[in-house]
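Colleague: My structure is in model-v3.tsv, and what it holds is TSV, C-alpha atoms:
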```tsv
chain	number	residue	atom	x	y	z
A	1	GLY	CA	136.28	11.49	122.35
A	2	ASP	CA	137.54	14.19	124.69
A	3	LYS	CA	136.27	16.98	122.43
A	4	LEU	CA	132.71	15.63	122.44
A	5	GLN	CA	132.80	15.23	126.21
A	6	GLY	CA	134.00	18.82	126.52
A	7	ILE	CA	131.15	19.99	124.32
A	8	LYS	CA	128.71	18.00	126.43
A	9	ALA	CA	130.01	19.71	129.58
A	10	ILE	CA	129.69	23.18	128.04
A	11	ALA	CA	126.15	22.40	126.86
A	12	ARG	CA	125.22	21.32	130.39
A	13	GLN	CA	126.60	24.58	131.80
A	14	SER	CA	124.61	26.58	129.25
A	15	SER	CA	121.41	24.72	130.09
A	16	LEU	CA	121.90	25.24	133.82
A	17	ALA	CA	122.54	28.97	133.34
A	18	PHE	CA	119.43	29.34	131.18
A	19	GLN	CA	117.31	27.51	133.74
A	20	LEU	CA	118.62	29.87	136.42
A	21	LEU	CA	117.68	32.81	134.19
A	22	LEU	CA	114.12	31.49	133.89
A	23	ALA	CA	114.01	30.96	137.66
A	24	CYS	CA	115.10	34.59	138.20
A	25	GLU	CA	112.38	35.83	135.86
A	26	LEU	CA	109.79	33.74	137.70
A	27	ALA	CA	111.06	35.13	141.01
A	28	SER	CA	110.59	38.64	139.64
A	29	ARG	CA	106.91	37.68	139.18
A	30	GLY	CA	106.65	36.33	142.75
A	31	VAL	CA	107.14	32.60	142.04
A	32	LEU	CA	110.07	30.60	143.40
A	33	VAL	CA	111.35	27.55	141.53
A	34	ALA	CA	114.38	25.60	142.76
A	35	VAL	CA	117.16	24.80	140.28
A	36	ASP	CA	119.54	22.08	141.46
A	37	VAL	CA	123.04	23.32	140.57
A	38	VAL	CA	124.71	20.33	142.26
A	39	LYS	CA	122.86	17.37	140.76
A	40	ALA	CA	122.63	18.74	137.23
A	41	ASP	CA	122.17	15.41	135.48
A	42	GLU	CA	119.81	14.74	132.58
A	43	SER	CA	116.83	13.53	134.63
A	44	THR	CA	117.12	16.45	137.04
A	45	ALA	CA	117.34	18.91	134.15
A	46	THR	CA	114.20	17.43	132.57
A	47	ALA	CA	112.27	17.63	135.85
A	48	THR	CA	113.43	21.21	136.39
A	49	ALA	CA	112.44	22.16	132.84
A	50	SER	CA	108.95	20.74	133.40
A	51	SER	CA	108.59	22.72	136.63
A	52	LEU	CA	109.79	25.95	135.00
A	53	LEU	CA	107.50	25.54	131.97
A	54	THR	CA	104.50	24.71	134.15
A	55	ASN	CA	105.00	27.85	136.22
A	56	ILE	CA	105.56	30.02	133.14
A	57	ARG	CA	102.34	28.69	131.66
A	58	ASP	CA	100.46	29.45	134.88
A	59	ILE	CA	101.77	32.97	135.61
A	60	ALA	CA	102.61	34.45	132.18
A	61	GLY	CA	101.23	37.95	131.98
A	62	ARG	CA	101.70	38.68	135.67
A	63	VAL	CA	103.54	41.94	136.27
A	64	SER	CA	106.89	42.07	138.04
A	65	ILE	CA	106.66	42.40	141.81
A	66	ASP	CA	108.24	45.87	141.69
A	67	ASP	CA	105.36	46.94	139.42
A	68	VAL	CA	102.75	46.11	142.05
A	69	SER	CA	101.90	49.37	143.80
A	70	SER	CA	100.81	47.58	146.96
A	71	GLY	CA	104.11	45.75	147.25
A	72	ASN	CA	106.94	46.95	149.46
A	73	TYR	CA	109.98	44.92	148.48
A	74	PRO	CA	113.37	46.04	149.81
A	75	ALA	CA	115.55	47.71	147.20
A	76	PRO	CA	118.58	45.50	148.01
A	77	MET	CA	116.51	42.37	147.38
A	78	MET	CA	115.40	43.66	143.99
A	79	ALA	CA	118.96	44.68	143.12
A	80	TYR	CA	120.21	41.18	143.97
A	81	LEU	CA	117.44	39.59	141.92
A	82	ASN	CA	118.35	41.62	138.84
A	83	ALA	CA	122.05	40.94	139.45
A	84	ALA	CA	121.33	37.21	139.62
A	85	ALA	CA	119.46	37.37	136.31
A	86	GLY	CA	122.36	39.30	134.78
A	87	MET	CA	124.90	36.76	135.99
A	88	ALA	CA	122.82	33.81	134.73
A	89	ALA	CA	122.46	35.38	131.28
A	90	ALA	CA	126.16	36.27	131.19
A	91	ALA	CA	127.12	32.69	132.12
A	92	CYS	CA	124.87	31.40	129.35
A	93	ALA	CA	126.45	33.81	126.84
A	94	SER	CA	129.93	32.71	127.92
A	95	SER	CA	129.04	29.03	127.42
A	96	LEU	CA	127.63	29.75	123.95
A	97	ASP	CA	130.77	31.67	123.02
A	98	ARG	CA	133.04	28.83	124.17
A	99	LEU	CA	130.91	26.31	122.32
A	100	ALA	CA	131.02	28.32	119.08
A	101	ASP	CA	134.82	28.53	119.39
A	102	GLU	CA	135.05	24.77	119.97
A	103	LEU	CA	132.90	23.99	116.93
A	104	GLU	CA	134.53	26.47	114.54
A	105	GLY	CA	136.04	24.35	111.76
A	106	ALA	CA	135.48	21.11	113.69
A	107	SER	CA	134.27	17.84	112.22
A	108	PHE	CA	132.77	14.77	113.88
A	109	ASP	CA	132.29	11.14	112.88
A	110	ASN	CA	128.88	11.13	114.59
A	111	PRO	CA	127.10	14.46	113.91
A	112	SER	CA	123.86	13.18	115.48
A	113	PHE	CA	125.53	13.01	118.90
A	114	LEU	CA	126.55	16.65	118.57
A	115	LEU	CA	123.03	17.69	117.55
A	116	ASP	CA	121.58	15.84	120.54
A	117	ARG	CA	123.83	17.88	122.83
A	118	LEU	CA	123.00	21.16	121.08
A	119	SER	CA	119.24	20.49	121.26
A	120	THR	CA	119.36	20.77	125.06
A	121	LEU	CA	121.55	23.89	125.24
A	122	PHE	CA	118.78	25.88	126.93
A	123	LEU	CA	116.02	23.42	127.85
A	124	PRO	CA	115.49	19.70	127.19
A	125	ILE	CA	112.35	20.16	125.11
A	126	GLY	CA	111.07	16.68	124.42
A	127	GLY	CA	108.25	14.38	125.52
A	128	THR	CA	106.23	16.00	128.31
A	129	SER	CA	108.42	19.11	128.18
A	130	SER	CA	107.46	19.63	124.53
A	131	GLU	CA	103.76	19.71	125.40
A	132	LEU	CA	104.41	22.07	128.30
A	133	TRP	CA	106.51	24.31	126.05
A	134	ASN	CA	103.63	24.55	123.56
A	135	GLU	CA	101.17	25.38	126.34
A	136	ALA	CA	103.47	27.98	127.91
A	137	THR	CA	104.22	29.61	124.55
A	138	LYS	CA	100.53	29.79	123.65
A	139	ARG	CA	99.78	31.37	127.02
A	140	CYS	CA	102.52	33.99	126.48
A	141	ILE	CA	101.01	34.88	123.11
A	142	ASP	CA	97.48	35.07	124.55
A	143	VAL	CA	98.51	37.47	127.35
A	144	LYS	CA	101.20	39.27	125.30
A	145	ASP	CA	104.06	38.39	127.64
A	146	ALA	CA	106.96	39.26	125.34
A	147	ARG	CA	109.79	38.51	127.76
A	148	PHE	CA	108.82	34.94	128.55
A	149	TYR	CA	107.83	34.41	124.92
A	150	SER	CA	111.29	35.48	123.74
A	151	LEU	CA	113.02	33.21	126.25
A	152	LEU	CA	110.89	30.25	125.18
A	153	ARG	CA	111.50	30.93	121.49
A	154	TRP	CA	115.27	30.94	122.05
A	155	ALA	CA	114.95	27.59	123.81
A	156	ALA	CA	113.08	26.28	120.75
A	157	ASP	CA	115.83	27.65	118.49
A	158	CYS	CA	118.31	25.45	120.33
A	159	ALA	CA	116.02	22.43	120.01
A	160	SER	CA	115.84	22.91	116.23
A	161	PHE	CA	119.51	22.61	115.29
A	162	SER	CA	119.88	20.60	112.10
A	163	SER	CA	122.67	19.14	110.01
A	164	ASP	CA	123.30	18.52	106.33
A	165	ASP	CA	124.61	15.05	107.29
A	166	SER	CA	128.21	16.06	106.66
A	167	LYS	CA	130.84	15.58	109.34
A	168	GLN	CA	131.79	19.27	109.20
A	169	VAL	CA	129.96	21.58	111.59
A	170	SER	CA	127.80	23.87	109.45
A	171	ARG	CA	128.24	27.63	109.33
A	172	GLY	CA	124.55	27.94	110.23
A	173	ILE	CA	125.11	26.27	113.59
A	174	ILE	CA	128.01	28.60	114.44
A	175	GLU	CA	126.03	31.68	113.42
A	176	LYS	CA	123.02	30.61	115.50
A	177	LEU	CA	125.22	30.12	118.56
A	178	ARG	CA	126.74	33.58	118.05
A	179	ARG	CA	123.27	35.13	117.69
A	180	LEU	CA	122.00	33.45	120.85
A	181	LYS	CA	125.12	34.67	122.65
A	182	ARG	CA	124.26	38.24	121.66
A	183	GLU	CA	120.70	37.78	122.91
A	184	MET	CA	121.96	36.51	126.28
A	185	ASN	CA	124.42	39.39	126.58
A	186	SER	CA	121.59	41.81	125.87
A	187	ILE	CA	119.52	40.26	128.67
A	188	SER	CA	122.53	40.40	130.99
A	189	TYR	CA	123.20	44.07	130.21
A	190	SER	CA	119.59	45.11	130.66
A	191	SER	CA	119.21	43.18	133.94
A	192	TYR	CA	122.33	44.77	135.44
A	193	PHE	CA	121.30	48.22	134.20
A	194	TYR	CA	117.74	47.94	135.48
A	195	GLY	CA	118.91	46.73	138.89
A	196	ALA	CA	121.50	49.48	139.21
A	197	GLU	CA	119.29	52.29	137.89
A	198	HIS	CA	116.23	51.49	139.99
A	199	PHE	CA	117.53	49.81	143.14
A	200	ALA	CA	121.28	50.36	143.61
A	201	LYS	CA	122.36	53.68	142.14
A	202	ASP	CA	125.10	54.00	144.76
A	203	GLN	CA	126.47	50.47	144.27
A	204	PRO	CA	129.42	50.48	141.84
A	205	GLN	CA	129.49	46.67	141.50
A	206	LEU	CA	126.30	46.52	139.44
A	207	TRP	CA	127.33	49.47	137.28
A	208	LYS	CA	130.71	47.81	136.64
A	209	ARG	CA	129.06	44.54	135.59
A	210	CYS	CA	126.77	46.51	133.29
A	211	LEU	CA	129.76	48.29	131.74
A	212	ASP	CA	131.70	45.03	131.34
A	213	VAL	CA	128.85	43.47	129.36
A	214	ALA	CA	128.39	46.63	127.28
A	215	LEU	CA	132.10	46.66	126.40
A	216	SER	CA	131.93	42.99	125.47
A	217	MET	CA	128.95	43.65	123.20
A	218	ASN	CA	130.77	46.59	121.66
A	219	GLU	CA	133.82	44.41	121.02
A	220	ASP	CA	131.68	41.76	119.34
A	221	ASP	CA	129.34	43.97	117.33
A	222	GLY	CA	130.99	47.39	117.17
A	223	ILE	CA	128.07	49.10	118.90
A	224	PHE	CA	126.96	49.83	122.43
A	225	PRO	CA	123.50	48.61	123.50
A	226	ASP	CA	121.07	51.40	122.65
A	227	HIS	CA	118.09	50.29	124.69
A	228	VAL	CA	117.23	48.63	127.96
A	229	HIS	CA	114.46	46.07	128.16
A	230	GLY	CA	115.19	44.40	131.55
A	231	PRO	CA	112.49	42.74	133.61
A	232	LYS	CA	109.97	45.38	132.49
A	233	LEU	CA	110.18	44.54	128.79
A	234	SER	CA	106.93	45.63	127.19
A	235	LYS	CA	104.37	42.86	126.91
A	236	SER	CA	102.81	44.49	123.87
A	237	SER	CA	105.59	43.74	121.39
A	238	ILE	CA	104.49	40.24	120.36
```
Represent the supplied structure as structure tokens.

Modeller:
Amino acid sequence: GDKLQGIKAIARQSSLAFQLLLACELASRGVLVAVDVVKADESTATATASSLLTNIRDIAGRVSIDDVSSGNYPAPMMAYLNAAAGMAAAACASSLDRLADELEGASFDNPSFLLDRLSTLFLPIGGTSSELWNEATKRCIDVKDARFYSLLRWAADCASFSSDDSKQVSRGIIEKLRRLKREMNSISYSSYFYGAEHFAKDQPQLWKRCLDVALSMNEDDGIFPDHVHGPKLSKSSI
């Protein structure tokens, strides 16, 4: 009914935001991948996922463009790139929060439909995309690219939602959505902070976005973020 259609719409928004986050991370490594935000249907999402996974597999381990000593990228461009990553992660977190609220205490006559929608919250990992995901993940492990590895693992977490066959939405599903929301907020915070600290110290907009996310995390968890792992997250933590 209307509730399932609403959930489907939220799931599509979450997937689009996550794909934009991956595209931002690829851009920070010098690779541009287009994400169609207008024609965001299922076939387009699958094609985009395949393109993103192929590029991640091919460039995992490459340092960020601002790490390359020979590069001379304008500070405003780098600030905008980090801001875009922060906004994509924040949009994803917001969708996950809305979805968790919608599912809290809900029950459905057809739980399998719900699980199908949840499995594509981040990326539609199935068929060809599944093989590409395995290849990209293996490459990240081989070259110790922790940031891409983490993003891919979260996508797999979404693809592995399960049900106990009851019509009631399980507590495990709600808790997983809340955890993924916290992960996305952490990425958003660190992207804003990194962009502001390194490329836009005199721009209050980025600092305000960083503070807004930090306050939201504090409201949810009772603590402020105590570390920043932005685009330069250590590749040695796998």

Colleague: Find, counting only C-alpha atoms, the residue in A:Pro204, A:Pro124, A:Gly172, A:Gly195 that gets nearest to Leu53 (chain A).

Modeller: A:Pro124

Colleague: So which residues touch Ser160 (chain A) within 10 Å, counting only C-alpha atoms, skipping near sequence neighbours fewer than 3 positions away, as a VMD selection string?

Modeller: chain A and resid 115 118 to 120 125 154 to 157 163

Colleague: Nearest to Ala79 (chain A) among A:Asp66, A:Cys92, A:Arg139, A:Glu104, with distances taken over all atoms listed in the file: which residue is it?

Modeller: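 Of A:Asp66, A:Cys92, A:Arg139, A:Glu104, the one nearest Ala79 (chain A), counting all atoms listed in the file, is A:Asp66.
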
Colleague: Considering all atoms listed in the file, state which residue in the set A:Ala11, A:Leu81, A:Asp116, A:Arg62 is at the smallest distance from Tyr194 (chain A).

Modeller: A:Leu81

Colleague: Find the residues around region 128-136 of chain A up to 12 Å (all atoms listed in the file counted), leave out those fewer than 4 positions away in its own chain, and share them as a PyMOL selection string.

Modeller: chain A and resi 43+45-61+120+123-124+140-145+148-156+159

Colleague: Using only C-alpha atoms for the distances, tell me which of A:Ile65, A:Ala91, A:Ala106, A:Met217 is nearest to Val169 (chain A).

Modeller: A:Ala106

Colleague: Taking the point (125.4, 30.8, 119.5) as given in the file, collect each protein or nucleic acid residue that comes within 6 Å of it, counting all atoms listed in the file, and present the set as a PyMOL selection string.

Modeller: chain A and resi 96+176-181

Colleague: Interatomic distance between CA of Glu197 (chain A) and CA of Ala83 (chain A)?

Modeller: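 The value is 11.8 Å.
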
Colleague: Figure out the distance between CA of Gly30 (chain A) and CA of Gln205 (chain A), please, to one decimal in Å.

Modeller: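 Result for CA of Gln205 (chain A) versus CA of Gly30 (chain A): 25.1 Å, one decimal.
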
Colleague: Using all atoms listed in the file, give me every residue within 7 Å of (109.9, 38.7, 136.9) in file coordinates, as a list in words.

Modeller: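 It turns out the residues near that spot are Cys24, Glu25, Leu26, Ala27, Ser28, Arg29, Ser64, Ile65 and Pro231 of chain A.
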
Colleague: Report, in Å to a single decimal, how far apart CA of Phe199 (chain A) and CA of Met78 (chain A) are.

Modeller: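 Between CA of Met78 (chain A) and CA of Phe199 (chain A) the gap is 6.6 Å.
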